[in-house]
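J.: Got a structure here, written out as structure tokens. Questions coming.
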Amino acid sequence: MGKVIGIDLGTTNSCVSVVENDKPVIIPASSGSMTTPSIVAFTKKGERLVGESARRQAVTNPERTISSIKRQMGTDWVCRIDGKDYRPQTISAMILMQLKKDAEEFIGETVNDAVITVPAYFNDVQRQATKDAGRIAGLNVLRIINEPTSAALAYGLNHGEPQKVMVYDLGGGTFDVSVIEIGEGVIEVLATAGDNHLGGDDFDARVTDWLVDQIRNQYHCDVRRDFAAMQRVRDAAEQAKKELSASQSTEIVLPYLTMEKGEPVHVDLTLTRAQFEKMINDLIERTADPVRNALNDAHIQPSQLGRVLLVGGSTRIPAVQEKVRLLTGKEPSKNINPDECVAQGAAIMGSTLQGKGLIAAGTGQELLLLDVTPLSLSIETVGGVATRLVGRNTTLPTRYSRIFSTAAPFQRNVEINVLQGERPMARDNKSIGKFKLKGIKPAPAGVPQIEVTFDIDANGILKVSAKDLDMGKEQSITITANDRMSEDEIQQAIHDAQNYAAQDQVRLDAAELLNESQRLLNQTEQTVRSMGKQLDKQRKKQIKADSSTLQKMVSKCRLDKVTEAEVAEIRAAKQKLEESTAGIV
Ligand code: AMP
């Protein structure tokens, strides 16, 4: 078995790590950065860009650039580009393929296995979509683990002392808080809470709104009308936010931002930390309830916490750190890199699953990981009530059965509506799947006995089965949530990804060949000119003919449509010119 990589598939940035010499190391992206922007773009030439290169061109190609796809995981979001539909799983798979490629270059061997992290609040459908994305990318996903749990693993590696720890994870798009117990070789998640739609993106939006208002008031123009200018404003907003984590004020300079009445608009504004803190105060306040809930669910007081860990790039904001201090009465630990520790923990998990048994420092035992269900699971029963089968924060893997019956006399079918959420009424929870149990023996209401079993595996993936005890036969039913990709769709996406890999290679070869050919043509032209009459007439004629053939092919070739046959033809023409110019070029 090769190495297992740990992937933090983030809303804004993703990060990949591998254990080397018993230590998780971060794999740099091809850009040299330790994280890869979770951005995919399709250029007008038909090229697909992932990461930093996609981010850089977002300004000029906003309609064909996809970011924060993690927010859409598990939904029926579809994006149509050049007549092809892309689902969140497919877009995420493109990011995963890039991380896989970076890892393979770094490690020097093929990578097949991965552990991928998800926010603790991700429901079954979102987890399954993440697993599917891994499969589409050609990865064997050994385990899906919660991000805070993963961070705790990285933490557990560095510090072995038994204690209860809070992980406060505020990233680009999600907020998770977990209370974790680190024991002798065991890390147990006691409780999790959070908000799927809260993070640095929201802070950026506030600064962006402020900038738009300032530009309207001071420069008298509506920058929202200019798509490309808006992308620059958004980038500047994020940059300003980051700078304010280290300084008290920042200058936002945007020369030639847009045109107003035929004149260029040069923007120069100052934003202070105090102004910024005021703008985002209510957003930071929104982290308070989940923190309290997690502590209540874990049945502990803040004073019983050993440490509070900060995870996610947004925890670099001083006001966020201050809020954590206020809520917990503790000085949060910052000795763990907030952008990298989640991927590191996943790499540790991967290494542990591989049987390498990374040892928790000082304990001499393998790390054992106990994860929990982030939300309660129920089924809808008479009167639209959500009847709970598995409570929130139940340790995984788990299996739970309960006997149900019919509501009407001689009822032959029952519809089982599987729900996720904490609300007592079915309609207030999220329906994650429905199925019908058919062919029940006709009997008065309440007589048939139907055993419903919820089975949640170590990845948090749920399977529901039903057994008609009266008929004595078992029916196994799989949830077919609309949001999930069908097996056919997954196979199609895997197939597409593989096809794309081959097509990418052809384009890459063609691009290199076109460059080399153009270089040869330029050199040939120069040589022919400088040699003048020294060059034999017959040979000159041959060189000119070969140059002209190659030049025509190079000019005609379009990278988005290039075929293997065309590449072979160009290669042959190039070789012909190399032969006729041998010894002089
Ligand atoms: P993550 O999802 O953990 O990669 O966090 C990404 C988020 O952290 C983005 O919204 C970034 O803008 C934000 N971020 C990164 N560095 C800083 C910083 N120095 N100050 C404030 N926010 C930051």
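Identifiers in the structure tokens: chain A, B, ... in order shown; residue index from 1 per chain; ligand index from 1 in order shown.
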Report as a ChimeraX atom specification all protein, DNA and RNA residues lying within 9 Å of A:Ser178, evaluated on only C-alpha atoms, omitting residues in the same chain fewer than 2 positions from it.
T.: /A:120,148-149,165-169,176,180,189-194,291,294-295
J.: What do you get as JSON, numbers by chain if you pick all residues at most 6 Å from ligand 1, counting only C-alpha atoms and all ligand atoms?
T.: {"A": [10, 11, 12, 13, 171, 172, 200, 201, 238, 241, 242, 245, 312, 313, 314, 316, 317, 339]}
J.: Name the residues in contact with A:Ser249 at a cut-off of 10 Å, using only C-alpha atoms, excluding same-chain residues fewer than 2 positions from it; report them as a list in words.
T.: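 Once the adjacent positions are removed, what remains is Ala240, Lys241, Glu243, Leu244, Ser245, Ala246, Ser247, Glu251, Ile252, Thr270, Leu271, Thr272, Arg273, Ala274, Gln275 and Phe276 of chain A.
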J.: Do you have the atom CA of A:Val452-atom CA of A:Arg127 distance handy?
T.: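 So the answer is 22.1 Å.
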J.: Give me the residues near A:Arg232 as a PDB file with C-alpha atoms, in the first residue's frame, where near means some atom within 8 Å (using only C-alpha atoms) and where sequence neighbours in that chain fewer than 2 positions away do not count.
T.:
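What ended up in selection.pdb:
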```pdb
ATOM      1  CA  VAL A  59     -11.068  38.966 -12.397  1.00  0.00           C
ATOM      2  CA  ALA A 228     -14.353  42.839 -13.512  1.00  0.00           C
ATOM      3  CA  ALA A 229     -13.993  45.882 -11.230  1.00  0.00           C
ATOM      4  CA  MET A 230     -16.178  44.151  -8.625  1.00  0.00           C
ATOM      5  CA  ARG A 234     -13.681  41.774  -3.535  1.00  0.00           C
ATOM      6  CA  ASP A 235      -9.990  40.808  -3.684  1.00  0.00           C
ATOM      7  CA  ALA A 236      -9.026  44.132  -2.136  1.00  0.00           C
ATOM      8  CA  LEU A 254      -7.346  50.532  -6.633  1.00  0.00           C
ATOM      9  CA  LEU A 257     -10.800  50.612 -11.093  1.00  0.00           C
TER      10      LEU A 257
END
```
J.: Check the smallest atom-to-atom distance from each of A:Thr398, A:Ile494, A:Thr524, A:Ile26 to A:Arg135 using only C-alpha atoms, then report the winner.
T.: A:Ile494
J.: Leaving out A:Ile215 and any residue of its chain fewer than 2 positions from it, which residues lie within 12 Å of it when counting only C-alpha atoms, given as a CSV table (one decimal) with all heavy atoms, in the first residue's frame?
T.:
```csv
chain,number,residue,atom,x,y,z
A,208,THR,N,-16.6,44.4,1.4
A,208,THR,CA,-16.9,44.7,0.0
A,208,THR,C,-18.1,45.7,-0.1
A,208,THR,O,-18.0,46.8,-0.8
A,208,THR,CB,-17.3,43.5,-0.8
A,208,THR,OG1,-16.2,42.6,-0.7
A,208,THR,CG2,-17.6,43.7,-2.2
A,209,ASP,N,-19.1,45.5,0.7
A,209,ASP,CA,-20.3,46.4,0.7
A,209,ASP,C,-19.8,47.8,1.1
A,209,ASP,O,-20.3,48.8,0.6
A,209,ASP,CB,-21.4,45.9,1.7
A,209,ASP,CG,-22.1,44.7,1.2
A,209,ASP,OD1,-21.9,44.4,0.0
A,209,ASP,OD2,-22.8,44.0,2.0
A,210,TRP,N,-19.0,47.8,2.2
A,210,TRP,CA,-18.5,49.1,2.6
A,210,TRP,C,-17.7,49.9,1.5
A,210,TRP,O,-17.9,51.0,1.3
A,210,TRP,CB,-17.6,48.9,3.9
A,210,TRP,CG,-16.9,50.2,4.4
A,210,TRP,CD1,-17.5,51.1,5.2
A,210,TRP,CD2,-15.6,50.6,4.1
A,210,TRP,NE1,-16.6,52.1,5.5
A,210,TRP,CE2,-15.4,51.8,4.8
A,210,TRP,CE3,-14.6,50.2,3.3
A,210,TRP,CZ2,-14.3,52.6,4.8
A,210,TRP,CZ3,-13.4,50.9,3.3
A,210,TRP,CH2,-13.2,52.1,4.0
A,211,LEU,N,-16.9,49.1,0.8
A,211,LEU,CA,-16.1,49.7,-0.3
A,211,LEU,C,-17.0,50.2,-1.4
A,211,LEU,O,-16.8,51.3,-1.9
A,211,LEU,CB,-15.2,48.6,-0.9
A,211,LEU,CG,-13.8,48.5,-0.2
A,211,LEU,CD1,-13.1,47.3,-0.7
A,211,LEU,CD2,-13.0,49.7,-0.4
A,212,VAL,N,-18.0,49.4,-1.7
A,212,VAL,CA,-19.0,49.9,-2.8
A,212,VAL,C,-19.7,51.2,-2.4
A,212,VAL,O,-19.8,52.1,-3.2
A,212,VAL,CB,-20.0,48.8,-3.1
A,212,VAL,CG1,-21.1,49.3,-3.9
A,212,VAL,CG2,-19.4,47.6,-3.7
A,213,ASP,N,-20.1,51.3,-1.1
A,213,ASP,CA,-20.7,52.5,-0.6
A,213,ASP,C,-19.8,53.7,-0.6
A,213,ASP,O,-20.1,54.8,-1.1
A,213,ASP,CB,-21.2,52.3,0.9
A,213,ASP,CG,-22.4,51.5,1.0
A,213,ASP,OD1,-23.0,51.2,-0.1
A,213,ASP,OD2,-22.8,51.1,2.1
A,217,ASN,N,-20.2,57.1,-2.7
A,217,ASN,CA,-20.2,58.4,-2.0
A,217,ASN,C,-19.1,59.3,-2.4
A,217,ASN,O,-19.3,60.5,-2.7
A,217,ASN,CB,-20.2,58.3,-0.5
A,217,ASN,CG,-21.4,57.6,0.0
A,217,ASN,OD1,-22.4,57.5,-0.7
A,217,ASN,ND2,-21.3,57.0,1.2
A,218,GLN,N,-17.8,58.8,-2.5
A,218,GLN,CA,-16.7,59.6,-2.7
A,218,GLN,C,-16.3,59.8,-4.2
A,218,GLN,O,-15.7,60.7,-4.6
A,218,GLN,CB,-15.5,59.1,-2.0
A,218,GLN,CG,-15.7,59.1,-0.5
A,218,GLN,CD,-14.4,58.8,0.3
A,218,GLN,OE1,-13.3,59.1,-0.2
A,218,GLN,NE2,-14.5,58.3,1.5
A,219,TYR,N,-16.6,58.8,-5.0
A,219,TYR,CA,-16.2,58.8,-6.4
A,219,TYR,C,-17.4,58.9,-7.4
A,219,TYR,O,-17.3,58.9,-8.6
A,219,TYR,CB,-15.3,57.6,-6.8
A,219,TYR,CG,-14.0,57.6,-5.9
A,219,TYR,CD1,-14.0,56.9,-4.7
A,219,TYR,CD2,-12.9,58.3,-6.3
A,219,TYR,CE1,-12.9,56.9,-3.9
A,219,TYR,CE2,-11.8,58.3,-5.5
A,219,TYR,CZ,-11.8,57.6,-4.3
A,219,TYR,OH,-10.7,57.5,-3.5
A,220,HIS,N,-18.6,58.8,-6.8
A,220,HIS,CA,-19.9,59.0,-7.5
A,220,HIS,C,-20.0,58.0,-8.6
A,220,HIS,O,-20.4,58.4,-9.7
A,220,HIS,CB,-20.0,60.4,-8.0
A,220,HIS,CG,-19.7,61.4,-7.0
A,220,HIS,ND1,-20.5,61.6,-5.9
A,220,HIS,CD2,-18.6,62.2,-6.8
A,220,HIS,CE1,-20.0,62.5,-5.1
A,220,HIS,NE2,-18.8,62.9,-5.6
A,221,CYS,N,-19.7,56.8,-8.4
A,221,CYS,CA,-19.9,55.8,-9.4
A,221,CYS,C,-20.4,54.4,-8.8
A,221,CYS,O,-20.0,54.1,-7.6
A,221,CYS,CB,-18.7,55.6,-10.3
A,221,CYS,SG,-17.4,54.6,-9.7
A,222,ASP,N,-21.2,53.7,-9.6
A,222,ASP,CA,-21.7,52.4,-9.1
A,222,ASP,C,-20.9,51.3,-9.6
A,222,ASP,O,-21.1,50.9,-10.8
A,222,ASP,CB,-23.2,52.3,-9.5
A,222,ASP,CG,-23.8,51.0,-9.0
A,222,ASP,OD1,-23.1,50.3,-8.2
A,222,ASP,OD2,-24.9,50.6,-9.4
A,223,VAL,N,-19.9,50.9,-8.8
A,223,VAL,CA,-18.9,49.9,-9.3
A,223,VAL,C,-19.6,48.5,-9.5
A,223,VAL,O,-19.0,47.7,-10.2
A,223,VAL,CB,-17.7,49.8,-8.3
A,223,VAL,CG1,-18.1,49.2,-7.0
A,223,VAL,CG2,-16.6,49.1,-8.9
A,224,ARG,N,-20.8,48.3,-8.9
A,224,ARG,CA,-21.4,47.0,-9.1
A,224,ARG,C,-21.8,46.7,-10.5
A,224,ARG,O,-22.0,45.6,-10.9
A,224,ARG,CB,-22.7,46.9,-8.2
A,224,ARG,CG,-22.4,46.7,-6.7
A,224,ARG,CD,-23.5,46.1,-6.0
A,224,ARG,NE,-23.3,46.1,-4.6
A,224,ARG,CZ,-22.6,45.2,-3.9
A,224,ARG,NH1,-22.1,44.2,-4.5
A,224,ARG,NH2,-22.5,45.3,-2.6
A,229,ALA,N,-14.4,45.0,-12.3
A,229,ALA,CA,-14.0,45.9,-11.2
A,229,ALA,C,-14.4,45.3,-9.9
A,229,ALA,O,-13.7,45.4,-8.9
A,229,ALA,CB,-14.6,47.3,-11.5
A,230,MET,N,-15.6,44.7,-9.9
A,230,MET,CA,-16.2,44.2,-8.6
A,230,MET,C,-15.3,43.0,-8.1
A,230,MET,O,-15.1,42.9,-6.9
A,230,MET,CB,-17.6,43.6,-8.8
A,230,MET,CG,-18.7,44.6,-8.5
A,230,MET,SD,-18.5,45.4,-7.0
A,230,MET,CE,-18.9,44.2,-5.8
A,233,VAL,N,-12.5,44.6,-6.4
A,233,VAL,CA,-13.0,45.2,-5.1
A,233,VAL,C,-13.1,44.1,-4.0
A,233,VAL,O,-12.6,44.2,-2.9
A,233,VAL,CB,-14.4,45.9,-5.2
A,233,VAL,CG1,-15.0,46.2,-3.9
A,233,VAL,CG2,-14.2,47.1,-6.1
A,252,ILE,N,-6.5,51.0,1.0
A,252,ILE,CA,-7.0,50.3,-0.1
A,252,ILE,C,-6.8,51.1,-1.3
A,252,ILE,O,-7.5,52.1,-1.5
A,252,ILE,CB,-8.5,49.8,0.1
A,252,ILE,CG1,-8.6,49.0,1.4
A,252,ILE,CG2,-9.0,49.0,-1.1
A,252,ILE,CD1,-9.9,49.0,2.0
A,253,VAL,N,-5.9,50.7,-2.2
A,253,VAL,CA,-5.6,51.5,-3.4
A,253,VAL,C,-6.0,50.7,-4.6
A,253,VAL,O,-5.5,49.6,-4.8
A,253,VAL,CB,-4.1,51.9,-3.4
A,253,VAL,CG1,-3.8,52.8,-4.6
A,253,VAL,CG2,-3.7,52.6,-2.2
A,254,LEU,N,-6.9,51.2,-5.4
A,254,LEU,CA,-7.3,50.5,-6.6
A,254,LEU,C,-7.3,51.5,-7.8
A,254,LEU,O,-8.3,52.1,-8.2
A,254,LEU,CB,-8.8,50.0,-6.4
A,254,LEU,CG,-8.9,48.9,-5.4
A,254,LEU,CD1,-10.4,48.7,-5.0
A,254,LEU,CD2,-8.5,47.6,-6.0
A,257,LEU,N,-9.8,51.6,-11.5
A,257,LEU,CA,-10.8,50.6,-11.1
A,257,LEU,C,-11.9,50.5,-12.1
A,257,LEU,O,-12.2,49.4,-12.5
A,257,LEU,CB,-11.4,50.9,-9.7
A,257,LEU,CG,-12.4,49.9,-9.2
A,257,LEU,CD1,-11.8,48.6,-9.1
A,257,LEU,CD2,-13.1,50.4,-7.9
A,258,THR,N,-12.4,51.6,-12.6
A,258,THR,CA,-13.5,51.5,-13.6
A,258,THR,C,-13.6,52.9,-14.3
A,258,THR,O,-12.7,53.8,-14.0
A,258,THR,CB,-14.9,51.2,-12.9
A,258,THR,OG1,-15.9,51.0,-13.9
A,258,THR,CG2,-15.3,52.3,-11.9
A,260,GLU,N,-15.9,56.2,-15.3
A,260,GLU,CA,-17.1,57.0,-15.0
A,260,GLU,C,-17.2,58.2,-15.9
A,260,GLU,O,-16.2,59.0,-15.8
A,260,GLU,CB,-17.1,57.3,-13.5
A,260,GLU,CG,-18.4,58.0,-13.0
A,260,GLU,CD,-19.6,57.2,-13.1
A,260,GLU,OE1,-19.5,55.9,-13.1
A,260,GLU,OE2,-20.7,57.8,-13.1
A,265,VAL,N,-11.5,55.9,-12.8
A,265,VAL,CA,-11.7,56.1,-11.4
A,265,VAL,C,-10.5,55.5,-10.6
A,265,VAL,O,-10.3,54.3,-10.7
A,265,VAL,CB,-13.0,55.5,-10.9
A,265,VAL,CG1,-13.2,55.7,-9.4
A,265,VAL,CG2,-14.2,56.1,-11.7
A,266,HIS,N,-9.8,56.3,-9.9
A,266,HIS,CA,-8.7,55.7,-9.0
A,266,HIS,C,-9.2,55.8,-7.6
A,266,HIS,O,-9.4,56.9,-7.0
A,266,HIS,CB,-7.4,56.6,-9.2
A,266,HIS,CG,-7.0,56.8,-10.6
A,266,HIS,ND1,-6.6,55.8,-11.4
A,266,HIS,CD2,-6.9,57.9,-11.3
A,266,HIS,CE1,-6.2,56.2,-12.6
A,266,HIS,NE2,-6.5,57.6,-12.6
A,267,VAL,N,-9.2,54.6,-7.0
A,267,VAL,CA,-9.7,54.6,-5.6
A,267,VAL,C,-8.6,54.5,-4.6
A,267,VAL,O,-7.6,53.8,-4.8
A,267,VAL,CB,-10.7,53.4,-5.4
A,267,VAL,CG1,-11.0,53.1,-3.9
A,267,VAL,CG2,-12.0,53.6,-6.2
A,268,ASP,N,-8.7,55.3,-3.5
A,268,ASP,CA,-7.7,55.3,-2.4
A,268,ASP,C,-8.5,55.6,-1.1
A,268,ASP,O,-8.9,56.7,-0.9
A,268,ASP,CB,-6.7,56.4,-2.7
A,268,ASP,CG,-5.5,56.3,-1.7
A,268,ASP,OD1,-5.6,55.6,-0.7
A,268,ASP,OD2,-4.5,57.0,-2.0
A,269,LEU,N,-8.6,54.5,-0.3
A,269,LEU,CA,-9.4,54.6,0.9
A,269,LEU,C,-8.7,54.0,2.1
A,269,LEU,O,-7.8,53.2,1.9
A,269,LEU,CB,-10.7,53.9,0.7
A,269,LEU,CG,-11.7,54.4,-0.3
A,269,LEU,CD1,-12.7,53.3,-0.7
A,269,LEU,CD2,-12.4,55.6,0.2
A,270,THR,N,-9.0,54.4,3.3
A,270,THR,CA,-8.4,53.9,4.5
A,270,THR,C,-9.5,53.2,5.3
A,270,THR,O,-10.5,53.7,5.5
A,270,THR,CB,-7.7,55.0,5.3
A,270,THR,OG1,-6.7,55.6,4.4
A,270,THR,CG2,-7.0,54.4,6.5
```
J.: Based on DSSP run over this structure's backbone, return all residues of stretch 427-579 of chain A in strand (DSSP E or B), as a PyMOL selection string.
T.: chain A and resi 430-437+450-456+462-468+473-475
J.: I need the chosen residues saved as an mmCIF file, in the first residue's frame, with N, CA, C and O atoms.
T.:
```cif
data_model
loop_
_atom_site.group_PDB
_atom_site.id
_atom_site.type_symbol
_atom_site.label_atom_id
_atom_site.label_comp_id
_atom_site.auth_asym_id
_atom_site.auth_seq_id
_atom_site.Cartn_x
_atom_site.Cartn_y
_atom_site.Cartn_z
ATOM 1 N N LYS A 430 -34.493 18.495 8.093
ATOM 2 C CA LYS A 430 -34.156 18.255 6.685
ATOM 3 C C LYS A 430 -34.460 16.804 6.339
ATOM 4 O O LYS A 430 -34.018 15.886 7.042
ATOM 5 N N SER A 431 -35.251 16.633 5.278
ATOM 6 C CA SER A 431 -35.534 15.278 4.819
ATOM 7 C C SER A 431 -34.351 14.826 3.973
ATOM 8 O O SER A 431 -34.010 15.443 2.979
ATOM 9 N N ILE A 432 -33.700 13.735 4.416
ATOM 10 C CA ILE A 432 -32.505 13.308 3.664
ATOM 11 C C ILE A 432 -32.768 12.033 2.875
ATOM 12 O O ILE A 432 -31.862 11.484 2.264
ATOM 13 N N GLY A 433 -34.004 11.592 2.886
ATOM 14 C CA GLY A 433 -34.313 10.414 2.076
ATOM 15 C C GLY A 433 -35.697 9.881 2.417
ATOM 16 O O GLY A 433 -36.166 10.038 3.549
ATOM 17 N N LYS A 434 -36.337 9.301 1.410
ATOM 18 C CA LYS A 434 -37.677 8.729 1.629
ATOM 19 C C LYS A 434 -37.719 7.390 0.939
ATOM 20 O O LYS A 434 -37.124 7.235 -0.135
ATOM 21 N N PHE A 435 -38.375 6.436 1.540
ATOM 22 C CA PHE A 435 -38.587 5.195 0.804
ATOM 23 C C PHE A 435 -39.889 4.564 1.250
ATOM 24 O O PHE A 435 -40.422 4.888 2.313
ATOM 25 N N LYS A 436 -40.366 3.635 0.396
ATOM 26 C CA LYS A 436 -41.640 2.978 0.701
ATOM 27 C C LYS A 436 -41.385 1.528 1.043
ATOM 28 O O LYS A 436 -40.610 0.857 0.359
ATOM 29 N N LEU A 437 -42.011 1.080 2.085
ATOM 30 C CA LEU A 437 -41.972 -0.339 2.406
ATOM 31 C C LEU A 437 -43.309 -0.901 1.932
ATOM 32 O O LEU A 437 -44.366 -0.492 2.410
ATOM 33 N N ILE A 450 -42.988 -3.321 12.082
ATOM 34 C CA ILE A 450 -41.940 -2.966 11.115
ATOM 35 C C ILE A 450 -40.726 -2.455 11.889
ATOM 36 O O ILE A 450 -40.807 -1.474 12.624
ATOM 37 N N GLU A 451 -39.632 -3.198 11.714
ATOM 38 C CA GLU A 451 -38.411 -2.803 12.426
ATOM 39 C C GLU A 451 -37.569 -1.917 11.502
ATOM 40 O O GLU A 451 -37.169 -2.346 10.421
ATOM 41 N N VAL A 452 -37.345 -0.688 11.938
ATOM 42 C CA VAL A 452 -36.519 0.233 11.142
ATOM 43 C C VAL A 452 -35.140 0.314 11.804
ATOM 44 O O VAL A 452 -35.042 0.519 13.018
ATOM 45 N N THR A 453 -34.103 0.126 11.005
ATOM 46 C CA THR A 453 -32.739 0.156 11.555
ATOM 47 C C THR A 453 -31.923 1.265 10.888
ATOM 48 O O THR A 453 -31.910 1.385 9.664
ATOM 49 N N PHE A 454 -31.290 2.050 11.717
ATOM 50 C CA PHE A 454 -30.360 3.073 11.237
ATOM 51 C C PHE A 454 -28.958 2.558 11.510
ATOM 52 O O PHE A 454 -28.644 2.186 12.629
ATOM 53 N N ASP A 455 -28.162 2.565 10.487
ATOM 54 C CA ASP A 455 -26.804 2.057 10.609
ATOM 55 C C ASP A 455 -25.870 3.165 10.133
ATOM 56 O O ASP A 455 -25.946 3.586 8.981
ATOM 57 N N ILE A 456 -25.034 3.668 11.001
ATOM 58 C CA ILE A 456 -24.122 4.734 10.572
ATOM 59 C C ILE A 456 -22.702 4.206 10.690
ATOM 60 O O ILE A 456 -22.295 3.754 11.771
ATOM 61 N N LEU A 462 -25.027 7.140 6.437
ATOM 62 C CA LEU A 462 -26.200 6.460 6.989
ATOM 63 C C LEU A 462 -26.859 5.498 6.001
ATOM 64 O O LEU A 462 -27.070 5.838 4.834
ATOM 65 N N LYS A 463 -27.177 4.320 6.522
ATOM 66 C CA LYS A 463 -27.968 3.385 5.730
ATOM 67 C C LYS A 463 -29.205 3.055 6.559
ATOM 68 O O LYS A 463 -29.101 2.828 7.758
ATOM 69 N N VAL A 464 -30.357 3.028 5.920
ATOM 70 C CA VAL A 464 -31.585 2.714 6.645
ATOM 71 C C VAL A 464 -32.180 1.442 6.056
ATOM 72 O O VAL A 464 -32.268 1.304 4.838
ATOM 73 N N SER A 465 -32.555 0.525 6.935
ATOM 74 C CA SER A 465 -33.183 -0.695 6.425
ATOM 75 C C SER A 465 -34.468 -0.947 7.208
ATOM 76 O O SER A 465 -34.653 -0.424 8.308
ATOM 77 N N ALA A 466 -35.352 -1.729 6.618
ATOM 78 C CA ALA A 466 -36.636 -2.011 7.273
ATOM 79 C C ALA A 466 -36.955 -3.496 7.152
ATOM 80 O O ALA A 466 -36.633 -4.131 6.143
ATOM 81 N N LYS A 467 -37.558 -4.018 8.194
ATOM 82 C CA LYS A 467 -37.860 -5.447 8.210
ATOM 83 C C LYS A 467 -39.312 -5.606 8.640
ATOM 84 O O LYS A 467 -39.737 -5.044 9.653
ATOM 85 N N ASP A 468 -40.050 -6.342 7.830
ATOM 86 C CA ASP A 468 -41.443 -6.612 8.171
ATOM 87 C C ASP A 468 -41.466 -7.856 9.051
ATOM 88 O O ASP A 468 -41.350 -8.980 8.566
ATOM 89 N N LYS A 473 -40.017 -11.726 6.585
ATOM 90 C CA LYS A 473 -38.970 -11.533 5.568
ATOM 91 C C LYS A 473 -38.381 -10.133 5.705
ATOM 92 O O LYS A 473 -39.055 -9.207 6.155
ATOM 93 N N GLU A 474 -37.125 -10.075 5.306
ATOM 94 C CA GLU A 474 -36.417 -8.809 5.478
ATOM 95 C C GLU A 474 -36.324 -8.048 4.161
ATOM 96 O O GLU A 474 -36.102 -8.652 3.116
ATOM 97 N N GLN A 475 -36.561 -6.793 4.238
ATOM 98 C CA GLN A 475 -36.379 -5.960 3.042
ATOM 99 C C GLN A 475 -35.298 -4.940 3.327
ATOM 100 O O GLN A 475 -35.341 -4.269 4.358
#
```
J.: Might you pull out every residue within 12 Å of A:Asn335, with only C-alpha atoms counted and same-chain residues fewer than 4 positions away left off, and present them as a list in words?
T.: Ala154, Tyr155, Asn158, His159, Arg307, Val308, Leu309, Leu310, Val311, Glu331, Asp339, Glu340 and Cys341 of chain A
J.: So that I have them on file, write out the residues from the current selection with C-alpha atoms, as a PDB file, in the first residue's frame.
T.:
```pdb
ATOM      1  CA  ALA A 154      -2.698  17.049  14.946  1.00  0.00           C
ATOM      2  CA  TYR A 155      -2.849  18.525  18.425  1.00  0.00           C
ATOM      3  CA  ASN A 158       2.156  17.267  19.661  1.00  0.00           C
ATOM      4  CA  HIS A 159       0.791  17.159  23.196  1.00  0.00           C
ATOM      5  CA  ARG A 307      -7.090  24.154  26.087  1.00  0.00           C
ATOM      6  CA  VAL A 308      -8.927  26.033  23.372  1.00  0.00           C
ATOM      7  CA  LEU A 309      -7.543  25.519  19.873  1.00  0.00           C
ATOM      8  CA  LEU A 310      -7.934  28.033  17.078  1.00  0.00           C
ATOM      9  CA  VAL A 311      -8.389  26.541  13.633  1.00  0.00           C
ATOM     10  CA  GLU A 331      -6.166  32.141  26.359  1.00  0.00           C
ATOM     11  CA  ASP A 339      -4.500  26.728   8.030  1.00  0.00           C
ATOM     12  CA  GLU A 340      -2.613  23.458   8.077  1.00  0.00           C
ATOM     13  CA  CYS A 341      -3.531  21.443  11.143  1.00  0.00           C
TER      14      CYS A 341
END
```
J.: For the helix (DSSP H, G or I) assignment from backbone DSSP, which residues of stretch 368-524 of chain A qualify? Please present them as a short mmCIF file (atom, residue, chain, number, x, y, z; two decimals) with C-alpha atoms, in the first residue's frame.
T.:
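Once written, selection27.cif looks like this:
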```cif
data_model
loop_
_atom_site.label_atom_id
_atom_site.label_comp_id
_atom_site.auth_asym_id
_atom_site.auth_seq_id
_atom_site.Cartn_x
_atom_site.Cartn_y
_atom_site.Cartn_z
CA VAL A 382 -48.24 10.01 12.56
CA GLY A 383 -49.16 13.71 12.74
CA GLY A 384 -45.90 14.87 11.18
CA ALA A 426 -40.83 16.61 10.73
CA ARG A 427 -41.35 19.61 8.46
CA ASP A 428 -38.78 21.66 10.42
CA GLU A 487 -24.21 5.24 -9.19
CA ASP A 488 -24.59 5.82 -12.94
CA GLU A 489 -23.83 9.51 -12.56
CA ILE A 490 -20.77 8.73 -10.41
CA GLN A 491 -19.50 6.24 -12.98
CA GLN A 492 -20.08 8.80 -15.73
CA ALA A 493 -18.19 11.45 -13.77
CA ILE A 494 -15.27 9.06 -13.10
CA HIS A 495 -15.21 8.26 -16.79
CA ASP A 496 -15.27 11.96 -17.71
CA ALA A 497 -12.44 12.70 -15.29
CA GLN A 498 -10.33 9.95 -16.82
CA ASN A 499 -11.14 11.18 -20.32
CA TYR A 500 -10.24 14.66 -19.30
CA ALA A 501 -6.88 13.47 -17.97
CA ALA A 502 -6.04 11.97 -21.39
CA GLN A 503 -7.27 15.10 -23.20
CA ASP A 504 -5.24 17.28 -20.82
CA GLN A 505 -2.13 15.29 -21.68
CA VAL A 506 -2.71 15.78 -25.43
CA ARG A 507 -3.10 19.53 -24.89
CA LEU A 508 -0.01 19.66 -22.73
CA ASP A 509 2.02 17.79 -25.37
CA ALA A 510 0.63 20.01 -28.11
CA ALA A 511 1.44 23.21 -26.20
CA GLU A 512 5.05 22.10 -25.69
CA LEU A 513 5.36 21.00 -29.30
CA LEU A 514 3.98 24.29 -30.61
CA ASN A 515 6.50 26.21 -28.51
CA GLU A 516 9.42 24.10 -29.68
CA SER A 517 8.25 24.32 -33.31
CA GLN A 518 7.90 28.09 -33.18
CA ARG A 519 11.38 28.34 -31.66
CA LEU A 520 12.79 26.18 -34.49
CA LEU A 521 10.97 28.25 -37.13
CA ASN A 522 12.37 31.49 -35.73
CA GLN A 523 15.88 30.10 -35.57
CA THR A 524 15.60 28.75 -39.12
#
```
